[in-house]
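Containing compact mmCIF, N, CA and C atoms: target-v4.txt.
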# COMPACT_ATOMS: atom_id res chain seq x y z
N MET A 653 133.27 93.41 93.44
CA MET A 653 132.44 94.37 94.10
C MET A 653 131.06 93.77 94.36
N ASN A 654 130.42 94.25 95.38
CA ASN A 654 129.09 93.77 95.71
C ASN A 654 128.06 94.37 94.77
N LYS A 655 127.08 93.55 94.42
CA LYS A 655 125.97 94.03 93.59
C LYS A 655 124.95 94.73 94.46
N ILE A 656 124.25 95.69 93.89
CA ILE A 656 123.17 96.38 94.57
C ILE A 656 121.86 95.82 94.05
N ASN A 657 120.97 95.44 94.96
CA ASN A 657 119.66 94.96 94.57
C ASN A 657 118.84 96.13 94.05
N ALA A 658 118.42 96.06 92.78
CA ALA A 658 117.72 97.17 92.14
C ALA A 658 116.40 97.48 92.83
N PHE A 659 115.67 96.47 93.25
CA PHE A 659 114.39 96.70 93.94
C PHE A 659 114.62 97.40 95.27
N SER A 660 115.59 96.95 96.03
CA SER A 660 115.89 97.57 97.32
C SER A 660 116.36 99.00 97.17
N ALA A 661 117.19 99.25 96.18
CA ALA A 661 117.67 100.61 95.94
C ALA A 661 116.51 101.51 95.52
N GLY A 662 115.60 100.98 94.71
CA GLY A 662 114.42 101.75 94.31
C GLY A 662 113.54 102.09 95.50
N ILE A 663 113.30 101.12 96.36
CA ILE A 663 112.48 101.36 97.56
C ILE A 663 113.16 102.38 98.47
N ALA A 664 114.45 102.23 98.70
CA ALA A 664 115.18 103.15 99.58
C ALA A 664 115.14 104.58 99.05
N THR A 665 115.31 104.74 97.76
CA THR A 665 115.26 106.08 97.17
C THR A 665 113.86 106.66 97.25
N ALA A 666 112.84 105.83 96.97
CA ALA A 666 111.45 106.29 97.05
C ALA A 666 111.08 106.72 98.46
N VAL A 667 111.48 105.95 99.46
CA VAL A 667 111.19 106.30 100.86
C VAL A 667 111.92 107.58 101.25
N THR A 668 113.16 107.71 100.84
CA THR A 668 113.94 108.91 101.15
C THR A 668 113.26 110.16 100.57
N LEU A 669 112.85 110.10 99.32
CA LEU A 669 112.18 111.25 98.71
C LEU A 669 110.83 111.52 99.36
N ALA A 670 110.12 110.47 99.76
CA ALA A 670 108.83 110.66 100.43
C ALA A 670 109.01 111.39 101.76
N VAL A 671 110.02 111.00 102.52
CA VAL A 671 110.28 111.65 103.81
C VAL A 671 110.69 113.11 103.58
N LEU A 672 111.60 113.35 102.65
CA LEU A 672 112.04 114.72 102.38
C LEU A 672 110.88 115.59 101.90
N ASN A 673 110.02 115.06 101.05
CA ASN A 673 108.87 115.81 100.56
C ASN A 673 107.91 116.14 101.69
N THR A 674 107.69 115.20 102.58
CA THR A 674 106.77 115.42 103.70
C THR A 674 107.32 116.48 104.65
N VAL A 675 108.61 116.40 104.96
CA VAL A 675 109.23 117.39 105.84
C VAL A 675 109.17 118.78 105.18
N CYS A 676 109.45 118.85 103.90
CA CYS A 676 109.42 120.13 103.19
C CYS A 676 108.01 120.70 103.18
N ALA A 677 107.00 119.87 102.90
CA ALA A 677 105.62 120.35 102.87
C ALA A 677 105.19 120.85 104.25
N ALA A 678 105.58 120.12 105.29
CA ALA A 678 105.24 120.55 106.65
C ALA A 678 105.91 121.88 106.98
N ALA A 679 107.18 122.01 106.62
CA ALA A 679 107.90 123.26 106.88
C ALA A 679 107.25 124.42 106.14
N LEU A 680 106.87 124.20 104.90
CA LEU A 680 106.26 125.26 104.10
C LEU A 680 104.89 125.62 104.64
N ALA A 681 104.14 124.65 105.15
CA ALA A 681 102.82 124.93 105.72
C ALA A 681 102.93 125.68 107.05
N ILE A 682 103.94 125.33 107.85
CA ILE A 682 104.08 125.93 109.18
C ILE A 682 104.81 127.28 109.13
N TRP A 683 105.85 127.37 108.32
CA TRP A 683 106.72 128.53 108.29
C TRP A 683 107.08 128.89 106.85
N PRO A 684 106.12 129.40 106.07
CA PRO A 684 106.37 129.60 104.64
C PRO A 684 107.51 130.56 104.32
N ASP A 685 107.57 131.69 105.00
CA ASP A 685 108.62 132.66 104.68
C ASP A 685 110.00 132.15 105.08
N GLY A 686 110.10 131.51 106.21
CA GLY A 686 111.37 130.94 106.65
C GLY A 686 111.85 129.82 105.74
N THR A 687 110.91 129.02 105.28
CA THR A 687 111.27 127.91 104.37
C THR A 687 111.76 128.46 103.05
N MET A 688 111.08 129.49 102.54
CA MET A 688 111.54 130.10 101.28
C MET A 688 112.93 130.73 101.46
N ALA A 689 113.16 131.37 102.58
CA ALA A 689 114.47 131.96 102.84
C ALA A 689 115.55 130.87 102.92
N PHE A 690 115.21 129.75 103.53
CA PHE A 690 116.15 128.63 103.63
C PHE A 690 116.53 128.11 102.25
N PHE A 691 115.53 127.91 101.38
CA PHE A 691 115.83 127.39 100.05
C PHE A 691 116.48 128.44 99.16
N ASN A 692 116.23 129.71 99.42
CA ASN A 692 116.94 130.76 98.69
C ASN A 692 118.44 130.65 98.90
N SER A 693 118.85 130.22 100.09
CA SER A 693 120.29 130.10 100.37
C SER A 693 120.95 129.00 99.54
N PHE A 694 120.16 128.08 99.01
CA PHE A 694 120.71 126.99 98.18
C PHE A 694 121.05 127.44 96.76
N VAL A 695 120.44 128.52 96.31
CA VAL A 695 120.56 128.89 94.90
C VAL A 695 121.43 130.14 94.69
N HIS A 696 122.31 130.41 95.60
CA HIS A 696 123.36 131.41 95.46
C HIS A 696 122.85 132.79 95.04
N GLY A 697 121.88 133.29 95.78
CA GLY A 697 121.43 134.65 95.55
C GLY A 697 120.22 134.80 94.66
N LEU A 698 119.77 133.74 94.01
CA LEU A 698 118.54 133.86 93.24
C LEU A 698 117.37 134.02 94.19
N ASP A 699 116.36 134.75 93.77
CA ASP A 699 115.19 134.98 94.61
C ASP A 699 114.06 134.05 94.17
N LEU A 700 113.77 133.06 94.99
CA LEU A 700 112.73 132.09 94.67
C LEU A 700 111.34 132.53 95.11
N THR A 701 111.23 133.66 95.78
CA THR A 701 109.93 134.06 96.31
C THR A 701 108.91 134.32 95.21
N SER A 702 109.36 134.68 94.02
CA SER A 702 108.41 134.89 92.92
C SER A 702 107.80 133.57 92.45
N LEU A 703 108.41 132.45 92.81
CA LEU A 703 107.88 131.14 92.43
C LEU A 703 106.88 130.60 93.45
N LYS A 704 106.75 131.29 94.57
CA LYS A 704 105.85 130.83 95.62
C LYS A 704 104.41 130.81 95.11
N SER A 705 103.74 129.69 95.29
CA SER A 705 102.37 129.54 94.82
C SER A 705 101.41 130.37 95.64
N THR A 706 100.42 130.91 94.97
CA THR A 706 99.37 131.66 95.67
C THR A 706 98.21 130.75 96.06
N GLN A 707 98.24 129.51 95.57
CA GLN A 707 97.18 128.57 95.92
C GLN A 707 97.38 128.06 97.33
N PRO A 708 96.28 127.85 98.05
CA PRO A 708 96.42 127.33 99.42
C PRO A 708 96.88 125.87 99.40
N PHE A 709 97.49 125.47 100.51
CA PHE A 709 97.93 124.08 100.66
C PHE A 709 96.71 123.17 100.57
N SER A 710 96.84 122.08 99.83
CA SER A 710 95.74 121.10 99.78
C SER A 710 96.32 119.70 99.90
N LEU A 711 95.57 118.85 100.53
CA LEU A 711 96.00 117.46 100.71
C LEU A 711 96.14 116.76 99.36
N PHE A 712 95.26 117.08 98.41
CA PHE A 712 95.34 116.46 97.09
C PHE A 712 96.65 116.81 96.39
N ARG A 713 97.02 118.09 96.42
CA ARG A 713 98.29 118.50 95.79
C ARG A 713 99.47 117.84 96.47
N PHE A 714 99.43 117.76 97.79
CA PHE A 714 100.51 117.10 98.52
C PHE A 714 100.61 115.63 98.13
N MET A 715 99.47 114.93 98.14
CA MET A 715 99.48 113.49 97.86
C MET A 715 99.86 113.19 96.41
N SER A 716 99.40 114.02 95.47
CA SER A 716 99.77 113.77 94.07
C SER A 716 101.26 114.03 93.85
N GLY A 717 101.79 115.04 94.49
CA GLY A 717 103.23 115.29 94.40
C GLY A 717 104.04 114.18 95.06
N LEU A 718 103.55 113.72 96.20
CA LEU A 718 104.21 112.61 96.91
C LEU A 718 104.23 111.36 96.06
N ALA A 719 103.09 111.04 95.45
CA ALA A 719 103.01 109.83 94.59
C ALA A 719 103.98 109.94 93.41
N GLY A 720 104.04 111.12 92.80
CA GLY A 720 104.96 111.31 91.68
C GLY A 720 106.41 111.15 92.09
N LEU A 721 106.77 111.73 93.23
CA LEU A 721 108.15 111.61 93.71
C LEU A 721 108.50 110.17 94.08
N VAL A 722 107.55 109.45 94.65
CA VAL A 722 107.81 108.05 94.99
C VAL A 722 108.06 107.23 93.73
N LEU A 723 107.26 107.45 92.69
CA LEU A 723 107.46 106.72 91.44
C LEU A 723 108.80 107.07 90.79
N VAL A 724 109.09 108.35 90.73
CA VAL A 724 110.37 108.78 90.14
C VAL A 724 111.54 108.29 90.98
N GLY A 725 111.39 108.35 92.31
CA GLY A 725 112.45 107.87 93.19
C GLY A 725 112.72 106.39 93.02
N PHE A 726 111.66 105.61 92.91
CA PHE A 726 111.85 104.18 92.71
C PHE A 726 112.57 103.91 91.38
N ALA A 727 112.11 104.58 90.33
CA ALA A 727 112.74 104.38 89.01
C ALA A 727 114.21 104.81 89.04
N PHE A 728 114.50 105.95 89.66
CA PHE A 728 115.87 106.44 89.74
C PHE A 728 116.75 105.47 90.53
N GLY A 729 116.26 105.01 91.68
CA GLY A 729 117.04 104.08 92.51
C GLY A 729 117.33 102.78 91.78
N ALA A 730 116.31 102.25 91.11
CA ALA A 730 116.50 101.00 90.36
C ALA A 730 117.46 101.20 89.20
N LEU A 731 117.33 102.33 88.50
CA LEU A 731 118.24 102.63 87.39
C LEU A 731 119.67 102.80 87.89
N PHE A 732 119.83 103.49 89.01
CA PHE A 732 121.17 103.65 89.58
C PHE A 732 121.78 102.29 89.89
N ALA A 733 121.01 101.40 90.54
CA ALA A 733 121.53 100.07 90.88
C ALA A 733 121.89 99.29 89.62
N PHE A 734 121.06 99.38 88.59
CA PHE A 734 121.35 98.69 87.33
C PHE A 734 122.64 99.22 86.71
N ALA A 735 122.79 100.55 86.67
CA ALA A 735 123.99 101.14 86.09
C ALA A 735 125.23 100.79 86.91
N TYR A 736 125.09 100.85 88.24
CA TYR A 736 126.20 100.49 89.13
C TYR A 736 126.62 99.04 88.90
N ASN A 737 125.65 98.16 88.87
CA ASN A 737 125.95 96.73 88.68
C ASN A 737 126.57 96.48 87.31
N SER A 738 126.10 97.19 86.29
CA SER A 738 126.66 97.02 84.95
C SER A 738 128.10 97.54 84.87
N ALA A 739 128.35 98.65 85.53
CA ALA A 739 129.68 99.25 85.49
C ALA A 739 130.69 98.47 86.33
N SER A 740 130.21 97.77 87.35
CA SER A 740 131.13 97.07 88.25
C SER A 740 131.21 95.58 87.98
N SER A 741 130.58 95.10 86.90
CA SER A 741 130.62 93.66 86.63
C SER A 741 132.02 93.25 86.21
N GLU A 742 132.36 92.06 86.59
CA GLU A 742 133.72 91.57 86.31
C GLU A 742 133.76 90.67 85.14

Output the file's structure as C-alpha cells, nothing else.
Amino acid sequence: MNKINAFSAGIATAVTLAVLNTVCAAALAIWPDGTMAFFNSFVHGLDLTSLKSTQPFSLFRFMSGLAGLVLVGFAFGALFAFAYNSASSE
C-alpha cells in the first residue's frame, strides 16, 4: 500500500477545515437564522437555536477560531497519516 505523507495530510486537513470554517462564518454572518435551521437538520430534531451566541460577530473571534481549527486540523491529519501508515506497513 502507498504511504501517506504526514505533513501533506496535515496541511490538507488544516486547509479543508479553514475553508469550511470561513464558509460557515460567512453564512452565519449573512443569514443567521437560515444557517441555524440548516445545522438543526444535522442533529435529528435537536434545537440548536438556544446555543446561538448573543455576542456580535468579531474578526478577532473568527481569526482565533480559525487558528485553533487549523492547528487541530494539522495535528489530526498528521496523526491520521501516521496511524494509516502504521496499520498498513508490511

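Across the structure, atom N of Lys655 of chain A and atom C of Phe728 of chain A are spaced 16.2 Å apart.
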
**Å distance separating atom C of Ala739 of chain A from atom C of Ala658 of chain A, one decimal place** =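 Between atom C of Ala739 of chain A and atom C of Ala658 of chain A the gap is 15.7 Å.
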
Excluding segment 665-676 of chain A and residues on its chain fewer than 4 positions from it, collect all residues at most 6 Å away from it, counting all atoms listed in the file, and give them as a PDB file with N, CA and C atoms, keeping the file's coordinate frame.
ATOM      1  N   SER A 660     115.590  96.950  96.030  1.00  0.00           N
ATOM      2  CA  SER A 660     115.890  97.570  97.320  1.00  0.00           C
ATOM      3  C   SER A 660     116.360  99.000  97.170  1.00  0.00           C
ATOM      4  N   ALA A 661     117.190  99.250  96.180  1.00  0.00           N
ATOM      5  CA  ALA A 661     117.670 100.610  95.940  1.00  0.00           C
ATOM      6  C   ALA A 661     116.510 101.510  95.520  1.00  0.00           C
ATOM      7  N   LEU A 680     106.870 124.200 104.900  1.00  0.00           N
ATOM      8  CA  LEU A 680     106.260 125.260 104.100  1.00  0.00           C
ATOM      9  C   LEU A 680     104.890 125.620 104.640  1.00  0.00           C
ATOM     10  N   ALA A 681     104.140 124.650 105.150  1.00  0.00           N
ATOM     11  CA  ALA A 681     102.820 124.930 105.720  1.00  0.00           C
ATOM     12  C   ALA A 681     102.930 125.680 107.050  1.00  0.00           C
ATOM     13  N   LEU A 721     106.770 111.730  93.230  1.00  0.00           N
ATOM     14  CA  LEU A 721     108.150 111.610  93.710  1.00  0.00           C
ATOM     15  C   LEU A 721     108.500 110.170  94.080  1.00  0.00           C
ATOM     16  N   VAL A 722     107.550 109.450  94.650  1.00  0.00           N
ATOM     17  CA  VAL A 722     107.810 108.050  94.990  1.00  0.00           C
ATOM     18  C   VAL A 722     108.060 107.230  93.730  1.00  0.00           C
ATOM     19  N   GLY A 725     111.390 108.350  92.310  1.00  0.00           N
ATOM     20  CA  GLY A 725     112.450 107.870  93.190  1.00  0.00           C
ATOM     21  C   GLY A 725     112.720 106.390  93.020  1.00  0.00           C
ATOM     22  N   PHE A 726     111.660 105.610  92.910  1.00  0.00           N
ATOM     23  CA  PHE A 726     111.850 104.180  92.710  1.00  0.00           C
ATOM     24  C   PHE A 726     112.570 103.910  91.380  1.00  0.00           C
ATOM     25  N   GLY A 729     116.260 105.010  91.680  1.00  0.00           N
ATOM     26  CA  GLY A 729     117.040 104.080  92.510  1.00  0.00           C
ATOM     27  C   GLY A 729     117.330 102.780  91.780  1.00  0.00           C
TER      28      GLY A 729
END

**Prompt:** Running DSSP on the backbone, which parts of segment 661-721 of chain A land in helix (DSSP H, G or I), as a PyMOL selection string?
**Reply:** chain A and resi 661-682+684-695+700-703+711-721

Show me, as JSON, the centre and edge lengths in Å to one decimal of the axis-aligned box that covers every listed atom of segment 669-676 of chain A with 4 Å on each side.
{"center_x": 109.8, "center_y": 115.4, "center_z": 102.3, "size_x": 14.1, "size_y": 18.6, "size_z": 15.1}

**Gap from atom CA of Val724 of chain A to atom CA of Ser710 of chain A - Å, one decimal** = 21.4 Å
